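Worksheet for the structure shown next.
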Amino acid sequence: MLLAVLSGFLLAIAVPALHRMTGKYIGWALALLPASLTVYFASLIPAVQADGSLLIEYAWLPGLDITLNFLVDGLSLVFALLISSIGTFILIYSGSYLAGHKYLARFFVLMLSFMASMFGLVLSDNLVTLFVFWELTSITSYLLIGFNHEDIETRKSALQGLFVTVAGGLALMAGLILLAIMSGSYSLSEILSSNMALHEHAFYTAAVICILAGTFTKSAQVPFHFWLPNAMAAPTPVSAFLHSATMVKAGIYLMARLNPSLGEGELWSQTLMLFGAATMLTGAYLAFSNTGIKKVLAYSTIMALGTLTMLIGVGTELALTAFICFLVAHSLYKGALFMIAGALDHQTGTKDITVMGGLRKAMPVTAVIACLAALSQAGLPPLFGFIAKELLFESLLESPIWSAGLTIATVLAAMLLVGVAGLVAVKPFFGKSGNTPKKPHEAPFGMLIGPAVLSVTALTFGLVPFLPEAALLQAAVASVNGAAVETNLALWHGVNKPLMLSVISLLLGWGLLASWNRLQSRLHAINTSAARFGPEAGYFKFMEGITIIAAWQTRVLQNGVLGLYLLILVAVTFGLTGYTLLTQHGINLTLNLADSHFYEWGIALLLVAAATFSSTTHSRLGSVASMGVLGFGVALTFILFSAPDLGITQLLVETLTVILLVLVLFKLPEFGNLSSPFERYRDLAVAIFAGMVMTLVILAALDVQYFESISSYYIENSATLAYGRNIVNVILVDFRALDTLGEIFVLSLAALGVLSMIKLKAEDQHKP
């Protein structure tokens with residue numbers, strides 16, 4: 001399993017060499033990997049049917065209890081099969097669509113890396129590894145959207161998608177941590193099998209908000225839906241794979257995965273229903289009101305994502321059955337339609353639906369495939385999309401809450417979706433021939449095999465729905481529901497309410513399609529006006545605000561004054577340290593002043609006097625000399641407390657430092673009054689504060705002892721083991737010899753420095 005998940009990364013390394021070897025057949029060669037993975041994942045179906053789920057474990061960071069565990073059940077297996085099977089045809093399609101592109105090898109490296117990231121995401125059992133793969137999909141998606149990096153608009157779209165999804169990813173990280181705290185485990189399988197009532201936990205609301213923020217941004221739910229259509233700046237294979245069947249469904253996957261654990265709370269279910277319905281209506285309207293074929297498909301994808309979110313929120317067994325069926329149906333027809341859109345763009349030179357028309361004569365095979373996929377999108381029998389649509393209406397009619405409102409909203413969305421299906425199938429291929437930039441002709445085989453297989457699969461699943469149901473869909477529904485569910489998929493259930501609603505949506509949708517030309521100008525005007533106040537406008541305002549704040553803080557904090565940098569660093573560091581010391585430990589220090597001696601107080605006063613004089617004098621040489629006194633005072637402290645070795649080292653280094661500074665500074669003028677009185681008193685206050693905090697930290701540290709002191713060991717063994725009665729020397733030379741080596745190195749450098757200065761002075765004296 002580990003090799004299967006990471007195989008995409010491994011193959012990506014070899015892509016440049018394979019490209020040189022296979023040339024124009026690179027797409028076919030690379031497609032062998034996802035095709036093999038499809039067979040491998042399909043071989044796991046019997047085990048999942050028998051056991052419900054498989055848990056495959058690999059140790060990753062055992063010390064942190066982080067493992068590469070993979071959970072294979074009905075839900076993860078459905079996603080894995082969609083990723084691998086659709087990915088197979090996408091790679092073949094890409095080889096034809098981007099034939100001769102100078103960055104083709106780079107494209108396949110990114111596509112394989114993304115595919116591997118998606119496998120890791122949907123199969124991971126550990127929350128940490130799931131989040132790692134989640135962020136990898138965002139990064140690889142960013143690189144794929146911005147593949148045509150020479151275009152500034154493409155780069156903007158890629159950055160927008162990255163910013164929105166990564167911002168949501170940060171919220172998701174917090175939510176997953178809260179979920180682990182609530183459940184006591186980072187393992188999804190343990191969380192799902194636990195009987196804990198997570199909705200009663202104090203962290204439940206915060207966890208749900210953070211997790212939904214991550215999933216909503218990833219799956220383009222309102223108000224974060226605006227990034228997905230802009231991501232259509234990517235090459236069509238990217239749109240077909242990432243933004244219809246895989247990446248945008250990552251959020252849907254996670255919501256479905258966590259539904260058994262978090263779905264018992266009303267916050268979860270009602271939020272999903274509300275935002276899902278709003279996204280469904282928004283996506284359907286915007287899809288119908290656009291003219292670019294890829295934008296139309298992108299907005300219809302938003303509609304489908306909203307529908308899936310709404311069905312998870314409804315949460316009944318019937319709704320979850322509809323969820324799985326709609327998930328599979330949408331992946332099949334949308335992957336096919338995106339590839340058809342790419343073929344139309346590739347062969348005609350335009351994405352504008354209004355320019356296309358009558359292409360069935362020049363592209364008959366493409367027309368048949370497009371109509372088959374569009375019929376599934378519209379929900380017409382005998383396609384699998386019809387079964388999913390019937391289940392959708394039936395589940396909403398039986399919804400425990402908001403049944404009427406959700407049903408009406410879904411009928412409106414389905415009506416608009418019928419019009420959208422007509423736009424991508426009827427408008428380009430039928431009617432009056434358009435004047436396209438390129439003379440249209442049939443797409444090559446590599447660009448048609450994928451949509452053909454996906455469309456035929458949708459037809460097959462519609463004619464014999466018990467095959468996918470028995471194989472995997474029933475197990476997937478059980479995974480989302482958290483318990484076994486009896487499903488009954490059939491093409492015909494008789495004349496009932498869902499069928500009547502479907503007929504109504506078809507008739508009204510056909511009427512809208514017939515009026516599309518007349519409505520287009522009005523819809524465009526409405527969209528233009530609304531765009532000035534929509535969420536995308538808010539995104540740009542937010543980005544402008546970030547730029548303004550960044551410029552302001554740069555002027556304030558990074559104005560080129562080194563002293564200010566140091567002041568802020570010291571103030572913040574010691575402020576946080578002092579706050580932590582006060583709140584976490586308190587200031588409860590015991591000072592035994594009775595054991596102190598007068599000469600110790602004398603040295604302390606000498607240190608204070610030297611520091612004060614150094615800070616107030618106007619003489620540079622006087623300041624250096626007083627700093628030398630401060631260093632010598634520290635050396636006296638070492639000597640008084642039985643560390644003569646340290647004292648001697650301190651004396652030598654301090655002497656050298658004073659000499660060096662004197663030689664450098666004796667020709668410079670005196671200090672100038674470059675600071676105002678306020679600035680000097682401010683710096684004095686910060687300095688005193690930092691010194692007090694450091695003193696308190698040291699005194700507090702003296703009272704903390706986590707382990708038994710090792711002093712007794714040195715006292716007992718210094719003479720017997722090291723043959724020395726000076727314990728400090730024994731420690732430095734025998735027990736901690738590297739300390740002595742370091743000191744020797746320091747002293748050697750100091751001696752070399754003095755020697756160099758003496759020789760340099762001697763050479764200067766002999767110069768004429």
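Scheme for the structure tokens: letters A, B, ... for chains in order shown; per-chain residue numbers from 1; ligand numbers from 1 in order shown.
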Can you write out as CSV which residues of region 443-465 of chain A fall within 6 Å of region 82-101 of chain A, alongside each residue's closest atom pair and its distance in Å to one decimal, counting only C-alpha atoms and ordering rows by chain and ascending residue number?
```
residue,atom,partner,partner_atom,distance
A:Gly446,CA,A:Tyr93,CA,5.3
A:Met447,CA,A:Tyr93,CA,4.7
A:Gly450,CA,A:Phe89,CA,4.7
```
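Residues within 12 Å of Phe542 (chain A), counting only C-alpha atoms and excluding same-chain residues fewer than 5 positions away, are Gln160, Phe163, Val164, Pro535, Glu536, Ala537, Thr547, Ile548 and Ile549 of chain A.
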Put those residues in a file: N, CA and C atoms, as an mmCIF file, in the first residue's frame.
```cif
data_model
loop_
_atom_site.group_PDB
_atom_site.id
_atom_site.type_symbol
_atom_site.label_atom_id
_atom_site.label_comp_id
_atom_site.auth_asym_id
_atom_site.auth_seq_id
_atom_site.Cartn_x
_atom_site.Cartn_y
_atom_site.Cartn_z
ATOM 1 N N GLN A 160 -4.300 33.013 -6.081
ATOM 2 C CA GLN A 160 -5.594 33.113 -5.400
ATOM 3 C C GLN A 160 -6.041 31.754 -4.870
ATOM 4 N N PHE A 163 -3.775 30.812 -1.889
ATOM 5 C CA PHE A 163 -4.026 31.606 -0.686
ATOM 6 C C PHE A 163 -5.301 31.136 0.015
ATOM 7 N N VAL A 164 -6.361 30.925 -0.747
ATOM 8 C CA VAL A 164 -7.642 30.527 -0.149
ATOM 9 C C VAL A 164 -7.542 29.137 0.468
ATOM 10 N N PRO A 535 -17.882 38.037 -3.034
ATOM 11 C CA PRO A 535 -16.756 37.577 -2.208
ATOM 12 C C PRO A 535 -15.408 37.750 -2.887
ATOM 13 N N GLU A 536 -15.367 37.676 -4.216
ATOM 14 C CA GLU A 536 -14.083 37.881 -4.880
ATOM 15 C C GLU A 536 -13.602 39.314 -4.718
ATOM 16 N N ALA A 537 -14.542 40.270 -4.786
ATOM 17 C CA ALA A 537 -14.162 41.660 -4.525
ATOM 18 C C ALA A 537 -13.642 41.812 -3.101
ATOM 19 N N THR A 547 -1.441 44.367 1.996
ATOM 20 C CA THR A 547 -0.338 45.148 1.444
ATOM 21 C C THR A 547 -0.161 46.464 2.196
ATOM 22 N N ILE A 548 -1.270 47.123 2.516
ATOM 23 C CA ILE A 548 -1.204 48.397 3.245
ATOM 24 C C ILE A 548 -0.618 48.191 4.640
ATOM 25 N N ILE A 549 -1.088 47.151 5.322
ATOM 26 C CA ILE A 549 -0.579 46.866 6.667
ATOM 27 C C ILE A 549 0.900 46.492 6.615
#
```
Name all residues at most 9 Å from Val653 (chain A) (count only C-alpha atoms; drop same-chain ones fewer than 5 positions away) and give them as number ranges by chain. A: 648, 658, 746-747, 750
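Near Asp683 (chain A), within 9 Å and counting only C-alpha atoms, sit A:Leu567, A:Phe678, A:Ile688, not including residues fewer than 5 positions from it in the same chain.
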Hey, what's within 9 Å of Ser193 (chain A) if we count only C-alpha atoms and toss same-chain stuff fewer than 3 positions away? As JSON, numbers by chain, please? {"A": [188, 189, 190, 196, 261, 482]}
Written file, previous selection with N, CA, C and O atoms, as a PDB file, in the first residue's frame:
```
ATOM      1  N   LEU A 188      -7.794   7.956  12.546  1.00  0.00           N
ATOM      2  CA  LEU A 188      -9.175   8.061  12.068  1.00  0.00           C
ATOM      3  C   LEU A 188      -9.974   6.800  12.401  1.00  0.00           C
ATOM      4  O   LEU A 188     -11.146   6.891  12.790  1.00  0.00           O
ATOM      5  N   SER A 189      -9.350   5.649  12.243  1.00  0.00           N
ATOM      6  CA  SER A 189     -10.077   4.409  12.509  1.00  0.00           C
ATOM      7  C   SER A 189     -10.493   4.327  13.972  1.00  0.00           C
ATOM      8  O   SER A 189     -11.608   3.874  14.284  1.00  0.00           O
ATOM      9  N   GLU A 190      -9.624   4.784  14.883  1.00  0.00           N
ATOM     10  CA  GLU A 190      -9.990   4.772  16.300  1.00  0.00           C
ATOM     11  C   GLU A 190     -11.063   5.813  16.600  1.00  0.00           C
ATOM     12  O   GLU A 190     -11.965   5.566  17.409  1.00  0.00           O
ATOM     13  N   MET A 196     -17.573   7.641  21.725  1.00  0.00           N
ATOM     14  CA  MET A 196     -17.625   8.916  22.424  1.00  0.00           C
ATOM     15  C   MET A 196     -18.614   9.861  21.744  1.00  0.00           C
ATOM     16  O   MET A 196     -18.698   9.924  20.516  1.00  0.00           O
ATOM     17  N   SER A 261     -18.603  10.741  13.158  1.00  0.00           N
ATOM     18  CA  SER A 261     -18.170  11.221  14.471  1.00  0.00           C
ATOM     19  C   SER A 261     -18.723  12.590  14.817  1.00  0.00           C
ATOM     20  O   SER A 261     -19.044  12.870  15.974  1.00  0.00           O
ATOM     21  N   GLY A 482     -21.526   5.245   9.029  1.00  0.00           N
ATOM     22  CA  GLY A 482     -21.015   4.697  10.277  1.00  0.00           C
ATOM     23  C   GLY A 482     -21.641   3.383  10.652  1.00  0.00           C
ATOM     24  O   GLY A 482     -21.325   2.804  11.690  1.00  0.00           O
TER      25      GLY A 482
END
```
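By only C-alpha atoms, and with residues fewer than 4 positions from region 631-643 of chain A along its chain excluded, the set lying at most 7 Å from it is Ile603, Leu607, Met627, Gly647, Gln650, Leu651, Glu654 and Val728 of chain A.
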Save the residues we just selected, all heavy atoms, as a PDB file, in the first residue's frame?
```pdb
ATOM      1  N   ILE A 603      32.239  43.556  44.829  1.00  0.00           N
ATOM      2  CA  ILE A 603      32.342  43.217  43.401  1.00  0.00           C
ATOM      3  C   ILE A 603      31.041  43.559  42.671  1.00  0.00           C
ATOM      4  O   ILE A 603      31.055  44.085  41.550  1.00  0.00           O
ATOM      5  CB  ILE A 603      32.692  41.727  43.246  1.00  0.00           C
ATOM      6  CG1 ILE A 603      34.088  41.454  43.806  1.00  0.00           C
ATOM      7  CG2 ILE A 603      32.598  41.296  41.790  1.00  0.00           C
ATOM      8  CD1 ILE A 603      34.468  39.986  43.786  1.00  0.00           C
ATOM      9  N   LEU A 607      30.594  46.127  39.534  1.00  0.00           N
ATOM     10  CA  LEU A 607      29.964  45.795  38.251  1.00  0.00           C
ATOM     11  C   LEU A 607      28.903  46.813  37.884  1.00  0.00           C
ATOM     12  O   LEU A 607      28.816  47.269  36.731  1.00  0.00           O
ATOM     13  CB  LEU A 607      29.353  44.386  38.320  1.00  0.00           C
ATOM     14  CG  LEU A 607      30.332  43.214  38.462  1.00  0.00           C
ATOM     15  CD1 LEU A 607      29.568  41.911  38.660  1.00  0.00           C
ATOM     16  CD2 LEU A 607      31.219  43.104  37.235  1.00  0.00           C
ATOM     17  N   MET A 627      33.967  49.007  30.348  1.00  0.00           N
ATOM     18  CA  MET A 627      33.515  47.665  29.973  1.00  0.00           C
ATOM     19  C   MET A 627      34.568  46.625  30.338  1.00  0.00           C
ATOM     20  O   MET A 627      34.244  45.490  30.716  1.00  0.00           O
ATOM     21  CB  MET A 627      33.223  47.622  28.468  1.00  0.00           C
ATOM     22  CG  MET A 627      31.993  48.408  28.043  1.00  0.00           C
ATOM     23  SD  MET A 627      30.478  47.761  28.791  1.00  0.00           S
ATOM     24  CE  MET A 627      30.405  46.159  28.013  1.00  0.00           C
ATOM     25  N   GLY A 647      38.139  32.046  35.394  1.00  0.00           N
ATOM     26  CA  GLY A 647      38.582  33.403  35.684  1.00  0.00           C
ATOM     27  C   GLY A 647      39.768  33.805  34.827  1.00  0.00           C
ATOM     28  O   GLY A 647      39.819  34.914  34.287  1.00  0.00           O
ATOM     29  N   GLN A 650      38.626  34.333  31.283  1.00  0.00           N
ATOM     30  CA  GLN A 650      37.908  35.600  31.188  1.00  0.00           C
ATOM     31  C   GLN A 650      38.875  36.783  31.182  1.00  0.00           C
ATOM     32  O   GLN A 650      38.718  37.727  30.407  1.00  0.00           O
ATOM     33  CB  GLN A 650      36.928  35.722  32.363  1.00  0.00           C
ATOM     34  CG  GLN A 650      36.177  37.040  32.455  1.00  0.00           C
ATOM     35  CD  GLN A 650      35.146  37.206  31.351  1.00  0.00           C
ATOM     36  OE1 GLN A 650      34.750  36.226  30.734  1.00  0.00           O
ATOM     37  NE2 GLN A 650      34.741  38.441  31.096  1.00  0.00           N
ATOM     38  N   LEU A 651      39.912  36.736  32.026  1.00  0.00           N
ATOM     39  CA  LEU A 651      40.898  37.821  32.077  1.00  0.00           C
ATOM     40  C   LEU A 651      41.631  37.969  30.739  1.00  0.00           C
ATOM     41  O   LEU A 651      41.813  39.082  30.230  1.00  0.00           O
ATOM     42  CB  LEU A 651      41.903  37.563  33.199  1.00  0.00           C
ATOM     43  CG  LEU A 651      41.411  37.800  34.637  1.00  0.00           C
ATOM     44  CD1 LEU A 651      42.453  37.315  35.646  1.00  0.00           C
ATOM     45  CD2 LEU A 651      41.121  39.282  34.861  1.00  0.00           C
ATOM     46  N   GLU A 654      39.143  39.198  28.011  1.00  0.00           N
ATOM     47  CA  GLU A 654      38.728  40.571  28.271  1.00  0.00           C
ATOM     48  C   GLU A 654      39.869  41.538  27.965  1.00  0.00           C
ATOM     49  O   GLU A 654      39.652  42.618  27.403  1.00  0.00           O
ATOM     50  CB  GLU A 654      38.277  40.709  29.727  1.00  0.00           C
ATOM     51  CG  GLU A 654      37.500  41.987  30.013  1.00  0.00           C
ATOM     52  CD  GLU A 654      36.196  42.033  29.257  1.00  0.00           C
ATOM     53  OE1 GLU A 654      35.526  40.983  29.145  1.00  0.00           O
ATOM     54  OE2 GLU A 654      35.830  43.129  28.756  1.00  0.00           O
ATOM     55  N   VAL A 728      37.340  21.039  39.580  1.00  0.00           N
ATOM     56  CA  VAL A 728      37.039  21.790  38.365  1.00  0.00           C
ATOM     57  C   VAL A 728      37.977  21.378  37.241  1.00  0.00           C
ATOM     58  O   VAL A 728      37.554  21.144  36.097  1.00  0.00           O
ATOM     59  CB  VAL A 728      37.124  23.306  38.631  1.00  0.00           C
ATOM     60  CG1 VAL A 728      36.953  24.090  37.335  1.00  0.00           C
ATOM     61  CG2 VAL A 728      36.083  23.727  39.650  1.00  0.00           C
TER      62      VAL A 728
END
```
